[in-house]
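Reading through the structure tokens given below for one structure.
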Amino acid sequence: MKVLLVGGGGREHAIGEALVRGGAELYVVSKHKNPGLARLAKGYGLAKETDIEKVLEYAEKFGVELAFIGPEAPLEKGIVDTLEENGIPTVGPSREAAKLETDKAFARAFMERNEIPGRKVFRVFTDVSEMRSWVDDFGRPVVVKPIGLTGGKGVKVVGYQLRDNEEAKAYAEELIRRDGRVLIEERTDGVEFTLQVFSDGKRILPMPLVQDYPHAYENDEGPITGGMGSYSCSNGLLPFVMREDYEKALETLKATVEAMRKEGTPYKGILYGQFMLSKDGPVLIEYNARFGDPEAINVLPLLRTSLLEIAEGIVDGNLQRAEFESKATVVKYLAPKGYPTNPVRGVKVEVDEKAVEEVGARLYYASIDENFTLLGSRAIAVVGIAETLEEAERIAQGAIPHIKGELFYRRDVGTRESVEKRIGLMKEFGKEFEPNPC
Ligand code: GLY
């Protein structure tokens with residue numbers, strides 16, 4: 001079957017590889033030519049992913065029978081609606097359903113009216129003085145969020161990016177003046193984790209849990225990025241996420257899909273839940289309407305079921321199974337020096353693919369062109385897959401010396417020490433537990 005993949009990052013390289021492994025004939029449209037996808041694809045169109053008319057033109061030219069959308073920006077523009085109106089079944093939510101990610105005020109109000117578990121106290125403000133007096137009355141630390149897509153960079157939390165509620169009010173005021181609205185939520189203390197599921201609009205099938213490392217620098221310091229790496233464990237849980245926490249998080253996503261269907265905006269595609277595990281259980285931090293990047297690169301290489309079969313199940317409303325190998329994974333992203341604030345661009349990197357293969361690691365290309373020139377965002381992901389986290393981390397780390405250029409990465413992603421730190425934090429937050437093996 002001919003399948004069009006939209007997007008050209010590391011996440012899409014992993015999706016494309018899994019589609020081809022599952023029997024698809026792959027076609028790609030993205031704004032740059034990803035060297036990994038270029039090798040897998042029968043046809044490649046260059047266009048901005050949000051240029052929906054152009055994407056449709058390519059889809060028709062290639063004669064694809066199915067499309068798969070990688071990133072969120074084209075979902076917000078209604079790419080799924082357009083492709084489907086033109087007879088191309090598409091994996092991804094409609095513009096309305098994608099609001100779970102693209103409109104944070106919608107997402108919180110939706111959770112509230114449907115009593116979805118894992119809710120938070122929140123308010124949306126358009127008026128500066130109302131906002132200021134609510135924050136004063138609330139008294140506890142808050143999180144300030146822009147309503148729309150920000151590439152993960154606009155959210156600010158008291159105690160982290162904001163010193164106190166005074167700074168929170170000033171930032172919220174800035175957002176009201178800029179966007180007309182702002183979302184303010186209570187801060188939840190805990191440790192974050194990701195649960196991704198496939199959804200056909202009625203039924204969901206879960207993937208292994210993943211933990212992302214969003215900070216640019218080691219020891220969780222520096223600016224927030226798209227994610228500098230991530231790990232997953234062979235049992236599908238995380239060392240600090242117990243089976244009952246996982247079940248609760250899954251219940252949140254199940255209730256979400258059920259309520260979306262009841263409200264007449266069925267959600268089909270990938271639903272990503274970013275959770276904060278508090279001492280009282282998982283709280284939903286935000287929904288994403290697509291695979292995570294790098295989280296897709298953890299789970300898709302483990303997928304035993306054909307991704308093409310899953311994609312057909314999603315669009316037909318007939319999802320049957322999604323089975324994963326029981327292995328641990330560690331993904332480390334190499335990003336251009338200066339990323340995310342002032343990245344090096346336009347210089348070449350050298351990749352010894354054979355040596356990377358010899359250490360047993362896999363490579364996924366992202367913001368890098370066919371000539372291996374850096375384009376300014378995360379460039380290359382290396383992945384280790386093994387029985388244990390330690391071994392997976394060792395394999396991923398072994399690949400790093402074979403990639404040379406103006407790049408940096410986080411040595412601590414998936415190391416015992418960093419996992420122990422997260423276990424320690426969870427205990428400090430008051431959760432009593434015996435860590436799961438990983
Ligand atoms: N890694 C976080 C995201 O994909 O949004």
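Chain labels follow the order of the structure tokens: the first chain is A, the next B, and so on; residue numbering restarts at 1 in every chain, and ligands are counted from 1 in their shown order.
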Filtered DSSP result for segment 212-416 of chain A, state alpha helix (DSSP H), as number ranges by chain
A: 243-262, 295-299, 307-316, 353-358, 389-399, 416
### Query
as a VMD selection string, which residues of segment 255-341 of chain A does DSSP assign to strand (DSSP E)?
chain A and resid 268 to 278 281 to 288 328 to 336
Counting only C-alpha atoms, which residues in segment 314-388 of chain A sit no more than 9 Å from segment 412-428 of chain A? For each one, give the nearest pair of atoms and the distance in Å, sorted by chain then residue number, as JSON lines.
{"residue": "A:Thr329", "atom": "CA", "partner": "A:Gly414", "partner_atom": "CA", "distance": 8.5}
{"residue": "A:Val330", "atom": "CA", "partner": "A:Gly414", "partner_atom": "CA", "distance": 5.9}
{"residue": "A:Val331", "atom": "CA", "partner": "A:Val413", "partner_atom": "CA", "distance": 7.7}
{"residue": "A:Lys332", "atom": "CA", "partner": "A:Val413", "partner_atom": "CA", "distance": 6.7}
Selected residues written out with N, CA, C and O atoms, as a PDB file, in the first residue's frame:
ATOM      1  N   THR A 329      15.022   0.818  26.194  1.00  0.00           N
ATOM      2  CA  THR A 329      15.576   1.664  25.120  1.00  0.00           C
ATOM      3  C   THR A 329      16.130   2.961  25.713  1.00  0.00           C
ATOM      4  O   THR A 329      15.597   3.480  26.694  1.00  0.00           O
ATOM      5  N   VAL A 330      17.179   3.464  25.079  1.00  0.00           N
ATOM      6  CA  VAL A 330      17.700   4.799  25.424  1.00  0.00           C
ATOM      7  C   VAL A 330      17.946   5.561  24.127  1.00  0.00           C
ATOM      8  O   VAL A 330      18.612   5.043  23.220  1.00  0.00           O
ATOM      9  N   VAL A 331      17.353   6.740  24.035  1.00  0.00           N
ATOM     10  CA  VAL A 331      17.550   7.619  22.876  1.00  0.00           C
ATOM     11  C   VAL A 331      18.365   8.820  23.345  1.00  0.00           C
ATOM     12  O   VAL A 331      18.041   9.420  24.376  1.00  0.00           O
ATOM     13  N   LYS A 332      19.397   9.163  22.593  1.00  0.00           N
ATOM     14  CA  LYS A 332      20.144  10.405  22.876  1.00  0.00           C
ATOM     15  C   LYS A 332      20.160  11.227  21.598  1.00  0.00           C
ATOM     16  O   LYS A 332      20.536  10.713  20.535  1.00  0.00           O
TER      17      LYS A 332
END
*asked:* Please find the residues contacting ligand 1 at a distance of at most 10 Å between atoms, with only C-alpha atoms and all ligand atoms counted, and report them as an MDAnalysis selection string.
replied: chainID A and resid 11 71:72 101 151:152 194 210:214 225:230 272:274 286:296
Using only C-alpha atoms, find the one residue out of A:Ala107, A:Leu307, A:Ile15, A:Leu75 that sits nearest to Gln320 of chain A.
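Going through A:Ala107, A:Leu307, A:Ile15, A:Leu75 one by one, the smallest distance to Gln320 of chain A is for A:Leu307.
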- Message: Using only C-alpha atoms, which protein or nucleic acid residues come within 9 Å of Glu350 of chain A? Drop anything in the same chain fewer than 2 positions from it, and give the result as a count of residues only.
- Response: 7
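Nearest to Gln161 of chain A of all the residues A:Lys104, A:Arg178, A:Lys279, A:His215 is A:His215, based on only C-alpha atoms.
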| field | Test item: residues at most 10 Å from Ala392 of chain A, only C-alpha atoms, excluding those fewer than 2 positions along its chain, as a list in words | value | Tyr231, Ser232, Cys233, Lys327, Ala328, Thr329, Val330, Val331, Gly360, Ala361, Val383, Gly384, Ile385, Ala386, Glu387, Thr388, Leu389, Glu390, Arg394, Ile395, Ala396, Gln397, Gly398, Gly414 and Thr415 of chain A
Taken to one decimal, the atom CA of Gly87 of chain A-atom CA of Lys254 of chain A distance is 28.5 Å
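Residues lying within 8 Å of Val315 of chain A, counting only C-alpha atoms and ignoring same-chain neighbours fewer than 2 positions away, are A:Pro89, A:Thr90, A:Val91, A:Asp200, A:Lys268, A:Ala311, A:Glu312, A:Gly313, A:Gly317, A:Asn318.
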Residues just named, written with all heavy atoms as a CSV table (one decimal), in the first residue's frame:
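After the write, selection.csv holds the following:
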chain,number,residue,atom,x,y,z
A,89,PRO,N,-7.7,8.5,3.4
A,89,PRO,CA,-7.8,8.2,4.8
A,89,PRO,C,-6.5,8.6,5.5
A,89,PRO,O,-5.4,8.3,5.0
A,89,PRO,CB,-8.1,6.7,4.9
A,89,PRO,CG,-8.3,6.3,3.5
A,89,PRO,CD,-7.8,7.3,2.6
A,90,THR,N,-6.6,9.3,6.7
A,90,THR,CA,-5.4,9.8,7.3
A,90,THR,C,-5.3,9.5,8.7
A,90,THR,O,-6.3,9.7,9.5
A,90,THR,CB,-5.4,11.4,7.0
A,90,THR,OG1,-5.4,11.6,5.6
A,90,THR,CG2,-4.1,12.0,7.6
A,91,VAL,N,-4.1,9.1,9.2
A,91,VAL,CA,-3.8,8.8,10.6
A,91,VAL,C,-3.5,10.2,11.2
A,91,VAL,O,-2.4,10.8,10.9
A,91,VAL,CB,-2.7,7.8,10.8
A,91,VAL,CG1,-2.4,7.6,12.3
A,91,VAL,CG2,-3.0,6.5,10.1
A,200,ASP,N,-8.5,4.6,17.6
A,200,ASP,CA,-9.3,4.5,16.4
A,200,ASP,C,-10.6,5.3,16.5
A,200,ASP,O,-11.6,5.1,15.8
A,200,ASP,CB,-9.6,3.0,16.0
A,200,ASP,CG,-10.5,2.3,16.9
A,200,ASP,OD1,-11.0,2.9,17.9
A,200,ASP,OD2,-10.7,1.1,16.7
A,268,LYS,N,-9.0,10.2,16.4
A,268,LYS,CA,-8.3,9.0,15.9
A,268,LYS,C,-6.9,9.5,15.5
A,268,LYS,O,-6.6,10.6,15.1
A,268,LYS,CB,-9.0,8.4,14.7
A,268,LYS,CG,-9.1,9.4,13.5
A,268,LYS,CD,-9.7,8.7,12.3
A,268,LYS,CE,-9.8,9.7,11.2
A,268,LYS,NZ,-8.5,10.2,10.8
A,311,ALA,N,-2.2,1.5,11.3
A,311,ALA,CA,-2.7,2.7,10.7
A,311,ALA,C,-4.0,2.4,10.0
A,311,ALA,O,-4.9,3.2,10.1
A,311,ALA,CB,-1.6,3.1,9.6
A,312,GLU,N,-4.1,1.2,9.3
A,312,GLU,CA,-5.4,0.9,8.7
A,312,GLU,C,-6.5,0.7,9.7
A,312,GLU,O,-7.6,1.1,9.5
A,312,GLU,CB,-5.2,-0.4,7.9
A,312,GLU,CG,-4.4,-0.2,6.6
A,312,GLU,CD,-4.3,-1.4,5.8
A,312,GLU,OE1,-3.4,-2.2,6.0
A,312,GLU,OE2,-5.1,-1.6,4.9
A,313,GLY,N,-6.1,0.1,10.9
A,313,GLY,CA,-7.1,-0.1,12.0
A,313,GLY,C,-7.6,1.3,12.5
A,313,GLY,O,-8.8,1.4,12.8
A,317,GLY,N,-11.5,2.5,12.0
A,317,GLY,CA,-12.2,2.3,13.3
A,317,GLY,C,-12.2,0.9,13.8
A,317,GLY,O,-13.2,0.4,14.4
A,318,ASN,N,-11.1,0.2,13.5
A,318,ASN,CA,-11.1,-1.2,13.8
A,318,ASN,C,-9.7,-1.7,14.3
A,318,ASN,O,-9.1,-2.6,13.8
A,318,ASN,CB,-11.4,-1.9,12.5
A,318,ASN,CG,-11.5,-3.4,12.6
A,318,ASN,OD1,-11.9,-3.9,13.7
A,318,ASN,ND2,-11.2,-4.2,11.6
### Query
Which residue out of A:Ala18, A:Ala24, A:Leu37, A:Val64 has the minimum interatomic distance to Ser367 of chain A when only C-alpha atoms are used?
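Of A:Ala18, A:Ala24, A:Leu37, A:Val64, the one nearest Ser367 of chain A is A:Leu37, counting only C-alpha atoms.
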Quick one: everything within 10 Å of Gly264 of chain A, counting only C-alpha atoms, minus sequence neighbours fewer than 4 positions away in the same chain. Send it as a ChimeraX atom specification. /A:96-97,259-260
Can you write out the residues you just picked, keeping all heavy atoms, as an mmCIF file, in the first residue's frame?
data_model
loop_
_atom_site.group_PDB
_atom_site.id
_atom_site.type_symbol
_atom_site.label_atom_id
_atom_site.label_comp_id
_atom_site.auth_asym_id
_atom_site.auth_seq_id
_atom_site.Cartn_x
_atom_site.Cartn_y
_atom_site.Cartn_z
ATOM 1 N N GLU A 96 -10.597 19.816 14.702
ATOM 2 C CA GLU A 96 -11.357 19.991 15.942
ATOM 3 C C GLU A 96 -10.802 19.105 17.054
ATOM 4 O O GLU A 96 -10.632 19.534 18.194
ATOM 5 C CB GLU A 96 -12.831 19.635 15.710
ATOM 6 C CG GLU A 96 -13.692 20.777 15.214
ATOM 7 C CD GLU A 96 -13.610 22.019 16.096
ATOM 8 O OE1 GLU A 96 -14.044 21.982 17.261
ATOM 9 O OE2 GLU A 96 -13.084 23.028 15.581
ATOM 10 N N ALA A 97 -10.531 17.830 16.696
ATOM 11 C CA ALA A 97 -10.049 16.895 17.724
ATOM 12 C C ALA A 97 -8.628 17.241 18.168
ATOM 13 O O ALA A 97 -8.257 17.024 19.330
ATOM 14 C CB ALA A 97 -10.132 15.459 17.201
ATOM 15 N N ALA A 259 -15.024 10.497 25.719
ATOM 16 C CA ALA A 259 -15.733 11.779 25.784
ATOM 17 C C ALA A 259 -15.637 12.526 24.451
ATOM 18 O O ALA A 259 -16.590 13.192 24.042
ATOM 19 C CB ALA A 259 -15.170 12.631 26.922
ATOM 20 N N MET A 260 -14.520 12.420 23.769
ATOM 21 C CA MET A 260 -14.384 13.070 22.457
ATOM 22 C C MET A 260 -15.416 12.482 21.493
ATOM 23 O O MET A 260 -16.034 13.198 20.707
ATOM 24 C CB MET A 260 -12.967 12.883 21.884
ATOM 25 C CG MET A 260 -11.901 13.693 22.592
ATOM 26 S SD MET A 260 -12.101 15.485 22.430
ATOM 27 C CE MET A 260 -11.394 15.772 20.826
#
Q. What lies within 8 Å of Arg304 of chain A using only C-alpha atoms, ignoring chain neighbours under 5 positions off, as JSON, numbers by chain?
A. {"A": [322, 323, 324, 325]}
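Nearest residue to Tyr333 of chain A among A:Ser199, A:Thr265, A:Asn298, A:Thr305 is A:Asn298, counting only C-alpha atoms.
Each of A:Val382, A:Asp127, A:Thr188, A:Ser326 was compared to Glu353 of chain A using only C-alpha atoms, and A:Val382 turns out to be the nearest.
When atom CA of Leu237 of chain A is paired with atom CA of Leu209 of chain A, their separation reads 5.4 Å.
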Exercise for review: Have a look at A:Val144, A:Val155, A:Ile88, A:Leu253 and name the one nearest to Gly118 of chain A; count only C-alpha atoms.
Suggested key: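 Checking each of A:Val144, A:Val155, A:Ile88, A:Leu253 against Gly118 of chain A, counting only C-alpha atoms, the winner is A:Leu253.
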